[in-house]
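The file coords.txt contains compact mmCIF, C-alpha atoms:
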```
# COMPACT_ATOMS: atom_id res chain seq x y z
CA MET A 143 45.41 21.10 37.94
CA LYS A 144 47.61 20.43 34.98
CA THR A 145 46.06 16.98 34.35
CA MET A 146 42.60 18.49 34.66
CA ILE A 147 43.35 20.93 31.88
CA ALA A 148 45.01 18.22 29.82
CA ASN A 149 41.93 15.99 30.26
CA GLY A 150 39.62 18.81 29.27
CA VAL A 151 41.64 19.56 26.17
CA ARG A 152 41.76 15.89 25.21
CA GLY A 153 37.98 15.59 25.65
CA ALA A 154 37.33 18.67 23.58
CA LEU A 155 39.61 17.43 20.83
CA THR A 156 37.91 14.01 20.80
CA LEU A 157 34.50 15.64 20.48
CA LEU A 158 35.84 17.89 17.75
CA ALA A 159 37.27 14.92 15.85
CA PHE A 160 33.97 13.02 16.02
CA THR A 161 32.01 16.10 14.96
CA VAL A 162 34.27 16.75 11.99
CA VAL A 163 34.22 13.13 10.81
CA PHE A 164 30.44 12.74 11.10
CA THR A 165 29.69 16.13 9.60
CA ALA A 166 31.92 15.16 6.67
CA LEU A 167 30.07 11.84 6.31
CA MET A 168 26.68 13.57 6.31
CA ALA A 169 27.84 16.28 3.94
CA GLY A 170 29.29 13.62 1.62
CA THR A 171 26.03 11.65 1.58
CA PHE A 172 24.07 14.85 1.00
CA ALA A 173 26.28 15.83 -1.94
CA MET A 174 26.07 12.33 -3.40
CA THR A 175 22.29 12.07 -3.16
CA LYS A 176 21.35 15.71 -3.79
CA ASP A 177 20.59 15.41 -7.49
CA ILE A 178 18.67 12.15 -7.21
CA VAL A 179 16.62 13.48 -4.29
CA ALA A 180 15.83 16.68 -6.19
CA LYS A 181 14.75 14.65 -9.21
CA ASN A 182 12.55 12.38 -7.07
CA GLN A 183 10.97 15.43 -5.45
CA ALA A 184 10.32 17.09 -8.81
CA ASP A 185 8.73 13.86 -10.09
CA ALA A 186 6.50 13.66 -7.04
CA GLU A 187 5.51 17.32 -7.42
CA ARG A 188 4.74 16.84 -11.11
CA ALA A 189 2.63 13.78 -10.34
CA LEU A 190 0.71 15.76 -7.74
CA ILE A 191 0.04 18.66 -10.11
CA ALA A 192 -0.94 16.23 -12.87
CA GLN A 193 -3.80 14.96 -10.69
CA VAL A 194 -5.75 18.19 -11.14
CA LEU A 195 -5.43 18.19 -14.94
CA PRO A 196 -7.08 15.76 -17.36
CA ALA A 197 -4.57 13.10 -18.42
CA GLY A 198 -2.89 13.87 -21.72
CA SER A 199 -4.31 17.38 -21.90
CA TYR A 200 -0.86 19.00 -21.79
CA ASP A 201 2.62 18.19 -23.03
CA ASN A 202 4.95 20.67 -21.30
CA ASN A 203 7.10 20.43 -18.18
CA LEU A 204 4.76 21.97 -15.62
CA LEU A 205 7.53 22.84 -13.18
CA ALA A 206 9.39 24.85 -15.81
CA ASP A 207 6.35 26.87 -16.92
CA LYS A 208 5.34 28.61 -13.77
CA GLN A 209 4.28 32.11 -12.84
CA VAL A 210 4.88 33.55 -9.41
CA VAL A 211 2.07 35.11 -7.42
CA PRO A 212 3.85 37.91 -5.50
CA LYS A 213 3.56 38.11 -1.76
CA ALA A 214 1.36 41.21 -2.09
CA ASP A 215 -1.29 39.07 -3.81
CA ALA A 216 -0.85 36.03 -1.56
CA LYS A 217 -3.84 36.94 0.60
CA ALA A 218 -6.25 36.71 -2.30
CA LEU A 219 -5.45 32.99 -2.50
CA GLY A 220 -5.28 32.48 1.27
CA ASN A 221 -1.51 31.89 1.14
CA ASP A 222 0.98 33.38 3.58
CA ASP A 223 3.74 33.78 1.08
CA ALA A 224 4.45 34.05 -2.61
CA SER A 225 3.19 30.98 -4.44
CA ALA A 226 3.29 29.48 -7.90
CA ILE A 227 0.82 29.02 -10.73
CA TYR A 228 1.85 26.20 -13.08
CA MET A 229 0.82 26.69 -16.68
CA ALA A 230 -0.28 23.60 -18.62
CA LYS A 231 0.29 23.87 -22.36
CA LYS A 232 -0.38 21.66 -25.33
CA ALA A 233 1.58 22.40 -28.52
CA GLY A 234 2.44 25.80 -27.06
CA LYS A 235 -1.19 26.75 -26.39
CA THR A 236 -2.22 27.34 -22.77
CA VAL A 237 -4.86 24.80 -21.74
CA GLY A 238 -4.98 25.39 -18.00
CA ALA A 239 -3.44 26.87 -14.89
CA VAL A 240 -2.73 25.00 -11.66
CA VAL A 241 -3.01 27.38 -8.72
CA GLU A 242 -1.63 26.80 -5.24
CA ALA A 243 -4.22 28.02 -2.76
CA THR A 244 -4.81 27.71 0.98
CA ALA A 245 -7.98 27.47 3.03
CA PRO A 246 -6.79 29.12 6.25
CA ASP A 247 -9.89 28.24 8.27
CA GLY A 248 -9.93 24.43 8.41
CA TYR A 249 -10.97 22.74 11.65
CA ALA A 250 -7.32 21.99 12.47
CA GLY A 251 -5.32 24.68 10.72
CA LYS A 252 -4.58 25.32 7.09
CA ILE A 253 -5.77 23.17 4.23
CA LYS A 254 -3.48 23.39 1.20
CA LEU A 255 -5.04 22.98 -2.21
CA LEU A 256 -4.05 22.63 -5.84
CA VAL A 257 -6.71 23.93 -8.21
CA GLY A 258 -6.62 23.27 -11.94
CA ILE A 259 -8.53 25.91 -13.92
CA ALA A 260 -9.18 26.00 -17.67
CA PRO A 261 -8.88 29.25 -19.68
CA ASN A 262 -12.71 29.46 -19.75
CA GLY A 263 -12.72 29.61 -15.95
CA GLN A 264 -13.97 26.05 -15.39
CA ILE A 265 -12.40 23.94 -12.67
CA LEU A 266 -10.49 21.00 -14.17
CA GLY A 267 -9.77 19.36 -10.86
CA VAL A 268 -8.99 20.03 -7.20
CA ARG A 269 -6.75 18.17 -4.75
CA VAL A 270 -6.07 18.68 -1.07
CA VAL A 271 -2.29 18.34 -0.77
CA ASP A 272 -1.86 18.96 2.93
CA HIS A 273 -4.28 19.08 5.85
CA LYS A 274 -4.64 18.12 9.51
CA GLU A 275 -8.41 17.63 9.64
CA THR A 276 -9.77 15.07 12.10
CA PRO A 277 -9.23 11.52 10.82
CA GLY A 278 -12.55 9.87 10.05
CA LEU A 279 -14.48 13.12 10.39
CA GLY A 280 -13.33 16.07 8.31
CA ASP A 281 -10.68 14.26 6.31
CA TYR A 282 -13.09 13.20 3.55
CA ILE A 283 -11.95 16.33 1.67
CA ASP A 284 -8.84 14.27 0.85
CA ALA A 285 -9.13 12.38 -2.45
CA ALA A 286 -7.48 9.37 -0.78
CA ILE A 287 -10.46 9.10 1.60
CA SER A 288 -13.48 9.93 -0.54
CA ASN A 289 -14.45 11.39 -3.92
CA TRP A 290 -16.08 14.45 -2.33
CA ILE A 291 -13.52 16.73 -3.95
CA ASP A 292 -14.56 15.59 -7.46
CA GLN A 293 -17.87 17.49 -7.34
CA PHE A 294 -16.07 20.72 -8.28
CA LYS A 295 -15.00 19.48 -11.70
CA GLY A 296 -16.65 21.57 -14.43
CA LYS A 297 -17.84 24.27 -12.02
CA GLY A 298 -16.77 27.89 -12.24
CA LEU A 299 -17.78 31.46 -11.49
CA GLY A 300 -21.40 31.83 -12.57
CA ASN A 301 -21.87 28.07 -12.41
CA PRO A 302 -23.00 28.43 -9.69
CA ALA A 303 -22.97 32.16 -8.96
CA LEU A 304 -20.32 33.35 -6.50
CA GLU A 305 -22.80 33.72 -3.62
CA ARG A 306 -23.72 30.03 -4.01
CA TRP A 307 -20.09 28.86 -3.59
CA LYS A 308 -20.97 27.51 -0.15
CA VAL A 309 -21.91 24.15 1.31
CA LYS A 310 -25.65 23.33 1.10
CA LYS A 311 -26.02 23.80 4.84
CA ASP A 312 -25.06 27.48 4.40
CA GLY A 313 -27.42 27.94 1.44
CA GLY A 314 -24.90 27.07 -1.26
CA ASP A 315 -24.67 24.39 -3.92
CA PHE A 316 -22.11 21.93 -2.59
CA ASP A 317 -22.51 18.71 -0.64
CA SER A 318 -20.97 18.05 2.75
CA HIS A 319 -21.32 15.26 5.28
CA ALA A 320 -23.71 15.90 8.16
CA GLY A 321 -21.83 16.86 11.32
CA ALA A 322 -18.58 17.61 9.50
CA THR A 323 -19.05 20.87 7.64
CA ILE A 324 -16.13 22.97 8.85
CA SER A 325 -13.49 21.39 6.59
CA PRO A 326 -15.61 21.42 3.39
CA ARG A 327 -16.85 24.95 4.16
CA ALA A 328 -13.22 26.11 4.28
CA VAL A 329 -12.38 24.33 1.03
CA VAL A 330 -15.40 25.70 -0.85
CA LYS A 331 -14.67 29.23 0.34
CA ALA A 332 -11.03 28.96 -0.74
CA LEU A 333 -12.10 27.68 -4.16
CA GLY A 334 -14.45 30.65 -4.59
CA LYS A 335 -11.61 33.03 -3.76
CA THR A 336 -9.26 31.23 -6.15
CA LEU A 337 -11.78 31.50 -8.99
CA VAL A 338 -12.19 35.23 -8.32
CA TYR A 339 -8.42 35.69 -8.36
CA VAL A 340 -7.94 33.77 -11.60
CA ASP A 341 -10.85 35.65 -13.22
CA ALA A 342 -9.27 38.97 -12.26
CA HIS A 343 -5.93 37.90 -13.72
CA LYS A 344 -7.12 35.94 -16.72
CA SER A 345 -5.57 38.17 -19.33
CA SER A 346 -2.11 37.89 -17.79
CA LEU A 347 -2.50 34.14 -17.23
CA PHE A 348 -4.20 32.95 -20.37
CA GLY A 349 -3.76 35.92 -22.76
CA ASP A 350 -6.03 35.54 -25.77
CA ALA A 351 -6.80 31.91 -25.00
CA SER A 352 -9.61 32.96 -22.69
CA MET B 26 33.40 -10.71 15.75
CA MET B 27 31.56 -14.03 15.63
CA ILE B 28 28.19 -14.64 17.17
CA SER B 29 27.00 -17.92 18.67
CA ARG B 30 23.57 -19.41 18.18
CA GLN B 31 22.83 -19.05 21.88
CA GLU B 32 23.60 -15.33 21.67
CA VAL B 33 21.27 -14.91 18.71
CA ARG B 34 18.51 -16.65 20.68
CA ASP B 35 19.11 -14.59 23.81
CA ILE B 36 19.27 -11.26 22.00
CA SER B 37 16.14 -12.03 20.00
CA HIS B 38 14.18 -13.20 23.04
CA ASN B 39 15.31 -10.13 24.95
CA GLY B 40 14.27 -7.72 22.21
CA VAL B 41 10.96 -9.22 21.23
CA TRP B 42 9.68 -10.40 24.62
CA LYS B 43 11.64 -9.97 27.85
CA GLN B 44 12.79 -6.35 27.37
CA ASN B 45 10.17 -5.39 24.78
CA PRO B 46 10.61 -1.63 24.20
CA GLY B 47 6.87 -1.03 23.80
CA VAL B 48 5.33 -2.85 26.76
CA VAL B 49 8.25 -3.50 29.17
CA GLN B 50 10.72 -0.64 28.82
CA ILE B 51 7.90 1.74 27.77
CA LEU B 52 10.35 3.79 25.76
CA GLY B 53 9.67 5.88 22.67
CA MET B 54 6.07 6.63 23.57
CA CYS B 55 5.75 9.74 21.42
CA PRO B 56 5.77 7.94 18.05
CA THR B 57 4.10 4.87 19.56
CA LEU B 58 1.03 6.80 20.65
CA ALA B 59 0.90 9.15 17.69
CA MET B 60 1.31 6.74 14.80
CA THR B 61 -0.69 3.67 15.82
CA THR B 62 -4.01 4.59 14.22
CA SER B 63 -3.85 1.52 11.96
CA VAL B 64 -1.93 -1.75 11.57
CA ILE B 65 -0.09 -0.48 8.51
CA ASN B 66 0.98 2.79 10.14
CA GLY B 67 2.16 0.98 13.28
CA ALA B 68 4.05 -1.74 11.46
CA SER B 69 5.67 0.75 9.06
CA LEU B 70 6.96 2.89 11.92
CA GLY B 71 8.19 -0.27 13.67
CA ILE B 72 10.11 -1.52 10.65
CA ALA B 73 11.69 1.89 10.07
CA THR B 74 12.74 1.93 13.75
CA ALA B 75 14.25 -1.56 13.45
CA LEU B 76 16.32 -0.51 10.43
CA VAL B 77 17.57 2.63 12.16
CA MET B 78 18.37 0.78 15.39
CA ALA B 79 20.27 -2.00 13.62
CA CYS B 80 22.45 0.59 11.84
CA SER B 81 22.97 2.83 14.85
CA GLY B 82 23.71 -0.13 17.17
CA ALA B 83 26.35 -1.48 14.80
CA ALA B 84 27.88 1.99 14.33
CA VAL B 85 28.12 2.63 18.07
CA ALA B 86 29.66 -0.81 18.71
CA LEU B 87 32.16 -0.28 15.89
CA LEU B 88 33.34 3.04 17.31
CA ARG B 89 33.01 2.40 21.03
CA GLN B 90 36.74 1.84 21.58
CA PHE B 91 37.43 5.42 20.45
CA VAL B 92 34.80 6.94 22.71
CA PRO B 93 36.02 8.14 26.13
CA ASN B 94 33.64 7.01 28.85
CA GLU B 95 32.81 10.47 30.19
CA LEU B 96 31.97 11.77 26.71
CA ARG B 97 29.94 8.83 25.53
CA ASN B 98 26.48 10.43 25.59
CA PRO B 99 27.11 13.40 23.31
CA ILE B 100 29.12 11.19 20.97
CA TYR B 101 26.42 8.49 20.82
CA ILE B 102 23.83 11.15 20.05
CA LEU B 103 26.09 12.47 17.31
CA ILE B 104 26.60 8.98 15.86
CA ILE B 105 22.87 8.16 15.95
CA ALA B 106 21.85 11.48 14.42
CA ALA B 107 24.44 11.07 11.65
CA VAL B 108 23.44 7.47 10.90
CA VAL B 109 19.76 8.39 10.75
CA THR B 110 20.44 11.36 8.49
CA ILE B 111 22.57 9.26 6.14
CA LEU B 112 19.97 6.49 6.10
CA GLU B 113 17.19 8.96 5.32
CA LEU B 114 19.14 10.59 2.49
CA ALA B 115 20.17 7.25 1.02
CA MET B 116 16.63 5.90 1.22
CA ASN B 117 15.21 9.03 -0.38
CA ALA B 118 17.67 8.74 -3.24
CA TYR B 119 17.92 5.02 -3.93
CA MET B 120 14.71 3.49 -2.52
CA HIS B 121 12.21 6.22 -3.18
CA ALA B 122 9.15 3.95 -3.12
CA LEU B 123 10.08 2.70 0.34
CA TYR B 124 10.96 6.24 1.41
CA ASN B 125 7.47 7.42 0.47
CA VAL B 126 6.05 4.86 2.89
CA LEU B 127 8.56 5.01 5.76
CA GLY B 128 10.14 8.42 5.15
CA ILE B 129 7.77 10.44 7.29
CA PHE B 130 8.57 8.20 10.27
CA ILE B 131 12.34 8.56 10.15
CA PRO B 132 12.59 12.06 11.67
CA LEU B 133 10.27 10.76 14.41
CA ILE B 134 12.73 7.99 15.23
CA VAL B 135 15.53 10.41 16.06
CA THR B 136 13.38 11.65 18.92
CA ASN B 137 12.87 8.08 20.12
CA CYS B 138 14.89 7.48 23.26
CA ILE B 139 14.93 3.70 22.77
CA VAL B 140 17.68 4.22 20.18
CA LEU B 141 19.98 5.99 22.65
CA ALA B 142 18.95 3.62 25.43
CA ARG B 143 20.16 0.59 23.46
CA ALA B 144 23.37 2.37 22.46
CA GLU B 145 24.07 2.99 26.14
CA ALA B 146 22.83 -0.31 27.55
CA PHE B 147 23.98 -2.73 24.87
CA ALA B 148 26.05 -1.44 21.97
CA ALA B 149 28.54 0.25 24.30
CA LYS B 150 29.55 -3.14 25.75
CA ASN B 151 29.08 -5.62 22.90
CA GLY B 152 30.34 -6.57 19.45
CA VAL B 153 29.24 -5.08 16.14
CA ILE B 154 27.12 -8.03 14.97
CA GLN B 155 25.52 -8.50 18.39
CA SER B 156 24.70 -4.80 18.64
CA GLY B 157 23.23 -4.68 15.14
CA LEU B 158 21.09 -7.71 15.93
CA ASP B 159 20.06 -6.27 19.29
CA GLY B 160 18.92 -3.05 17.63
CA PHE B 161 17.02 -4.94 14.97
CA MET B 162 15.32 -7.28 17.45
CA MET B 163 14.39 -4.39 19.76
CA GLY B 164 12.88 -2.75 16.69
CA MET B 165 10.98 -5.92 15.82
CA GLY B 166 9.69 -6.16 19.40
CA GLY B 167 8.46 -2.61 19.02
CA THR B 168 6.94 -3.47 15.63
CA VAL B 169 4.83 -6.27 17.14
CA VAL B 170 3.48 -3.94 19.82
CA LEU B 171 2.85 -1.12 17.34
CA ALA B 172 1.06 -3.44 14.93
CA ILE B 173 -1.15 -4.96 17.65
CA LEU B 174 -1.95 -1.55 19.13
CA GLY B 175 -2.66 -0.23 15.63
CA GLY B 176 -4.91 -3.24 15.01
CA ILE B 177 -6.90 -2.71 18.20
CA ARG B 178 -7.42 0.97 17.47
CA GLU B 179 -8.24 0.37 13.83
CA VAL B 180 -10.83 -2.35 14.48
CA LEU B 181 -12.52 -0.46 17.31
CA GLY B 182 -12.19 2.97 15.71
CA LYS B 183 -12.91 2.30 12.04
CA GLY B 184 -14.02 -1.32 11.87
CA THR B 185 -11.30 -2.22 9.38
CA LEU B 186 -7.91 -3.93 9.33
CA LEU B 187 -4.97 -3.20 7.02
CA SER B 188 -6.44 0.07 5.71
CA GLY B 189 -3.78 2.05 3.88
CA ILE B 190 -2.08 -1.09 2.64
CA ASP B 191 -2.34 0.31 -0.89
CA LEU B 192 0.24 2.94 0.10
CA VAL B 193 2.73 0.11 0.71
CA PHE B 194 1.91 -2.39 -2.04
CA GLY B 195 0.38 -0.17 -4.72
CA ALA B 196 -3.20 0.61 -5.68
CA SER B 197 -4.04 -3.02 -6.50
CA ALA B 198 -3.71 -3.90 -2.80
CA LYS B 199 -6.76 -1.79 -1.96
CA SER B 200 -8.94 -4.91 -2.03
CA TRP B 201 -6.83 -6.50 0.75
CA VAL B 202 -8.40 -4.22 3.33
CA ILE B 203 -10.48 -6.31 5.71
CA HIS B 204 -13.81 -4.82 6.74
CA VAL B 205 -14.49 -6.40 10.13
CA ILE B 206 -17.63 -4.30 10.32
CA PRO B 207 -19.30 -3.97 6.87
CA ALA B 208 -18.22 -0.77 5.13
CA ASP B 209 -21.76 0.40 4.26
CA LEU B 210 -22.63 0.66 7.96
CA ASN B 211 -20.19 3.59 8.10
CA TYR B 212 -19.08 2.51 11.58
CA GLN B 213 -16.90 4.93 13.49
CA PHE B 214 -15.66 5.29 17.06
CA LEU B 215 -13.47 8.35 16.97
CA PHE B 216 -12.39 7.96 20.59
CA MET B 217 -10.13 5.03 19.68
CA ILE B 218 -8.52 6.86 16.74
CA LEU B 219 -7.69 9.93 18.83
CA PRO B 220 -4.94 9.89 21.53
CA PRO B 221 -7.09 8.51 24.42
CA GLY B 222 -7.56 5.29 22.46
CA ALA B 223 -3.78 4.96 22.18
CA PHE B 224 -3.25 5.33 25.93
CA ILE B 225 -6.00 2.87 26.80
CA GLY B 226 -4.87 0.34 24.19
CA LEU B 227 -1.25 0.53 25.32
CA GLY B 228 -2.29 0.20 28.97
CA LEU B 229 -4.19 -2.98 28.15
CA LEU B 230 -1.17 -4.39 26.27
CA VAL B 231 1.21 -3.63 29.17
CA ALA B 232 -1.21 -5.29 31.59
CA GLY B 233 -1.67 -8.28 29.28
CA LYS B 234 2.08 -8.86 28.98
CA ALA B 235 2.50 -8.59 32.77
CA ALA B 236 -0.34 -11.07 33.31
CA LEU B 237 1.21 -13.59 30.90
CA ASP B 238 4.60 -13.20 32.62
CA ARG B 239 3.06 -13.71 36.07
CA ARG B 240 1.24 -16.83 34.94
CA ALA B 241 4.47 -18.22 33.45
CA ALA B 242 6.41 -17.44 36.66
CA GLU B 243 3.73 -19.13 38.78
CA ALA B 244 3.78 -22.24 36.59
CA ALA B 245 7.58 -22.36 36.87
CA ARG B 246 7.42 -22.05 40.67
CA ARG B 247 4.85 -24.84 40.88
CA ARG B 248 7.01 -27.09 38.72
CA GLU B 249 9.99 -26.33 40.93
CA ALA B 250 8.01 -27.03 44.08
CA GLU B 251 6.83 -30.35 42.66
CA ALA B 252 10.35 -31.29 41.64
CA SER B 253 11.79 -30.55 45.09
CA ALA B 254 8.84 -31.98 47.05
CA PRO B 255 10.09 -35.62 47.13
CA LEU B 256 13.39 -34.41 48.58
CA ALA B 257 11.66 -32.48 51.36
CA ALA B 258 9.56 -35.51 52.21
```
Can you turn what I pasted into structure tokens?
Amino acid sequence: MKTMIANGVRGALTLLAFTVVFTALMAGTFAMTKDIVAKNQADAERALIAQVLPAGSYDNNLLADKQVVPKADAKALGNDDASAIYMAKKAGKTVGAVVEATAPDGYAGKIKLLVGIAPNGQILGVRVVDHKETPGLGDYIDAAISNWIDQFKGKGLGNPALERWKVKKDGGDFDSHAGATISPRAVVKALGKTLVYVDAHKSSLFGDAS
Amino acid sequence: MMISRQEVRDISHNGVWKQNPGVVQILGMCPTLAMTTSVINGASLGIATALVMACSGAAVALLRQFVPNELRNPIYILIIAAVVTILELAMNAYMHALYNVLGIFIPLIVTNCIVLARAEAFAAKNGVIQSGLDGFMMGMGGTVVLAILGGIREVLGKGTLLSGIDLVFGASAKSWVIHVIPADLNYQFLFMILPPGAFIGLGLLVAGKAALDRRAAEAARRREAEASAPLAA
């Protein structure tokens, strides 16, 4: 009985020692790499946001100039939670806003979007940043697969009118591939909603610039 | 701590062919089936697995003398999880380009039972160098299977080979993609890209390896029979 307890205690202490040592090792690595990882992530995020803005059209740090869309407004953009709008500025003047939006009704779940919008309400660029659409079928909404997403550049509310912000199959203005309309339909609908949201908030976003 | 040439040969042969994790041990199927939609995806996952297994094998072998036998499983899991976490953090910080390519696979590898299986079956009884090599070679064996399976699915499913290579070697590598079936035909066979294609492709590979082994065994038996025949007569 006594040896049993002694064995148990020894085993527990060994496990404890291993846990402490390895937790310390992981914590040490985390502390050592934290700043570099954060910088890499910020760079990657900036590069992603930069894709929806014309090159050289802004000169500020996009991640520093952001406005928060409160959770109460999240639904208008299809998001579940509070999200960010990054403001692009050149020489202090606002030249565009990059909105995080979500198309909740993709074929396989949510499609996350970044939408660049100019103060005049025109779309500067759109990118799908995260999706699970069927490979080879609905995934052509991704800029890495096809240039489908580029057709929105220069469009806005009234060009075409809001009721024509649909794929052609549904009587709208936008192209989609035959047999794979669910993903683009979701994206087009989310873009329409995003434009409506930005239009409703243009004075707080762009001030006099609009 | 030294390693002989014979050992290197044996460990390598074991990992890549005889005990191949993909088609003989059939371990780590979750990432194998999920990620092999193209050669590049398969090979990338394989290489990441090899790196992780080399590090975890060496770490387990280094610490095995401190590990009581009855507690070895939880401690091995702890060691592997810690090594993978450290590797992922270090890669993210110091080799960010490589991390962008292999990073998404690393959390998948922790769930891969081949890592624990080699800790238990090999690293727990062997030296540090041998265990590191064993892990690496097992990973390479897996890489070959993943790349071939990815190739089969990619050719049959999309009619291309090496698609996505630009993610590894930069945008200029885009022209390296081989279109086995001309791109303007827009060929597609979704069945092979989706999970059923993975199961069927892997089944064919397992059968192919078994067939090759059987043929080799038969040839060896015939040679033996011929060699002993004069004695019998």
Closest atom pairs, chain A residues within 8 Å of chain B, all atoms listed in the file, as CSV:
```
residue,atom,partner,partner_atom,distance
A:Gly153,CA,B:Leu96,CA,7.2
A:Thr156,CA,B:Val92,CA,8.0
A:Leu157,CA,B:Ile100,CA,7.0
A:Phe160,CA,B:Ile100,CA,7.2
A:Thr161,CA,B:Leu103,CA,7.3
A:Phe164,CA,B:Ala107,CA,6.3
A:Thr165,CA,B:Ala107,CA,7.6
A:Leu167,CA,B:Ala107,CA,7.8
A:Met168,CA,B:Ile111,CA,6.0
A:Thr171,CA,B:Ile111,CA,6.2
A:Phe172,CA,B:Leu114,CA,6.7
A:Thr175,CA,B:Ala118,CA,5.7
A:Lys176,CA,B:Ala118,CA,7.9
A:Ile178,CA,B:Ala118,CA,5.3
A:Val179,CA,B:Ala118,CA,5.0
A:Asn182,CA,B:His121,CA,7.3
A:Pro277,CA,B:Ile218,CA,7.6
A:Gly278,CA,B:Leu215,CA,7.1
```
By how many Å are atom CA of Asn203 of chain A and atom CA of Arg188 of chain A apart?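 The value is 8.3 Å.
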I'd like the contact shell of Ile190 of chain B - 12 Å cut-off, all atoms listed in the file, skipping same-chain residues fewer than 4 positions apart - returned as a tab-separated table (two decimals) with C-alpha atoms, in the frame of the given file.
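Written output follows (around.tsv):
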```tsv
chain	number	residue	atom	x	y	z
B	63	SER	CA	-3.85	1.52	11.96
B	64	VAL	CA	-1.93	-1.75	11.57
B	65	ILE	CA	-0.09	-0.48	8.51
B	66	ASN	CA	0.98	2.79	10.14
B	67	GLY	CA	2.16	0.98	13.28
B	68	ALA	CA	4.05	-1.74	11.46
B	69	SER	CA	5.67	0.75	9.06
B	126	VAL	CA	6.05	4.86	2.89
B	185	THR	CA	-11.30	-2.22	9.38
B	186	LEU	CA	-7.91	-3.93	9.33
B	194	PHE	CA	1.91	-2.39	-2.04
B	195	GLY	CA	0.38	-0.17	-4.72
B	196	ALA	CA	-3.20	0.61	-5.68
B	197	SER	CA	-4.04	-3.02	-6.50
B	198	ALA	CA	-3.71	-3.90	-2.80
B	199	LYS	CA	-6.76	-1.79	-1.96
B	200	SER	CA	-8.94	-4.91	-2.03
B	201	TRP	CA	-6.83	-6.50	0.75
B	202	VAL	CA	-8.40	-4.22	3.33
B	203	ILE	CA	-10.48	-6.31	5.71
```
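Remark: residues at most 10 Å from position (-4.4, 34.4, 5.2) in file coordinates are Ala216, Lys217, Ala218, Leu219, Gly220, Asn221, Asp222, Asp223, Thr244, Ala245, Pro246, Asp247 and Lys252 of chain A, using only C-alpha atoms.
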Between B:Arg239, B:Met120, B:Gly226, B:Cys55, which one has atoms that come closest to Glu179 of chain B, using all atoms listed in the file?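 With all atoms listed in the file as the atom set, the closest residue is B:Gly226.
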If you count all atoms listed in the file, which residues fall within 9 Å of Ile259 of chain A, apart from same-chain ones fewer than 3 positions away, as a PDB file with C-alpha atoms, in the frame of the given file?
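As a result, result_35.pdb now contains:
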```
ATOM      1  CA  VAL A 194      -5.750  18.190 -11.140  1.00  0.00           C
ATOM      2  CA  LEU A 195      -5.430  18.190 -14.940  1.00  0.00           C
ATOM      3  CA  VAL A 237      -4.860  24.800 -21.740  1.00  0.00           C
ATOM      4  CA  GLY A 238      -4.980  25.390 -18.000  1.00  0.00           C
ATOM      5  CA  ALA A 239      -3.440  26.870 -14.890  1.00  0.00           C
ATOM      6  CA  VAL A 240      -2.730  25.000 -11.660  1.00  0.00           C
ATOM      7  CA  VAL A 241      -3.010  27.380  -8.720  1.00  0.00           C
ATOM      8  CA  ASN A 262     -12.710  29.460 -19.750  1.00  0.00           C
ATOM      9  CA  GLY A 263     -12.720  29.610 -15.950  1.00  0.00           C
ATOM     10  CA  GLN A 264     -13.970  26.050 -15.390  1.00  0.00           C
ATOM     11  CA  ILE A 265     -12.400  23.940 -12.670  1.00  0.00           C
ATOM     12  CA  LEU A 266     -10.490  21.000 -14.170  1.00  0.00           C
ATOM     13  CA  GLY A 267      -9.770  19.360 -10.860  1.00  0.00           C
ATOM     14  CA  VAL A 268      -8.990  20.030  -7.200  1.00  0.00           C
ATOM     15  CA  GLY A 298     -16.770  27.890 -12.240  1.00  0.00           C
ATOM     16  CA  LEU A 337     -11.780  31.500  -8.990  1.00  0.00           C
ATOM     17  CA  VAL A 340      -7.940  33.770 -11.600  1.00  0.00           C
TER      18      VAL A 340
END
```
I need the residue nearest Lys234 of chain B from this list: B:Cys80, B:Ala146, B:Val170, B:Ala254. Use all atoms listed in the file for the distance. B:Val170
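The smallest atom-to-atom distance between Ala286 of chain A and any of A:Gln193, A:Asp317, A:Asp215, A:Gly150, using all atoms listed in the file, is found for A:Gln193.
Between Gly71 of chain B and the residues B:Phe224, B:Gly164, B:Pro207, B:Val135, the shortest atom-to-atom distance, using all atoms listed in the file, involves B:Gly164.
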Asn202 of chain A surroundings by all atoms listed in the file, 10 Å radius, close-in-sequence under 3 positions cut, as a PyMOL selection string: chain A and resi 199+205-207+229-234+236
What is the distance, in Å and to one decimal place, between atom CA of Leu87 of chain B and atom CA of Gly152 of chain B?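 Rounded to one decimal, the two atoms are 7.5 Å apart.
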Using atom CA of Pro302 of chain A and atom CA of Lys335 of chain A as the two end points, give the distance in Å to one decimal.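 Separation of atom CA of Pro302 of chain A and atom CA of Lys335 of chain A: 13.6 Å.
Each of A:His319, A:Lys297, A:Lys310, A:Lys254 was compared to Ala332 of chain A using all atoms listed in the file, and A:Lys254 turns out to be the nearest.
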Residues within 12 Å of Arg89 of chain B, all atoms listed in the file, excluding chain neighbours under 4 positions, as a ChimeraX atom specification: /A:160 /B:81-85,93-94,96-98,100-101,104,144-145,147-153,156
From the options A:Ile147, A:Val329, A:Ile227, A:Ile191, which residue's atoms come nearest to Ser346 of chain A, counting only C-alpha atoms?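 Ranking A:Ile147, A:Val329, A:Ile227, A:Ile191 by distance to Ser346 of chain A, first place goes to A:Ile227.
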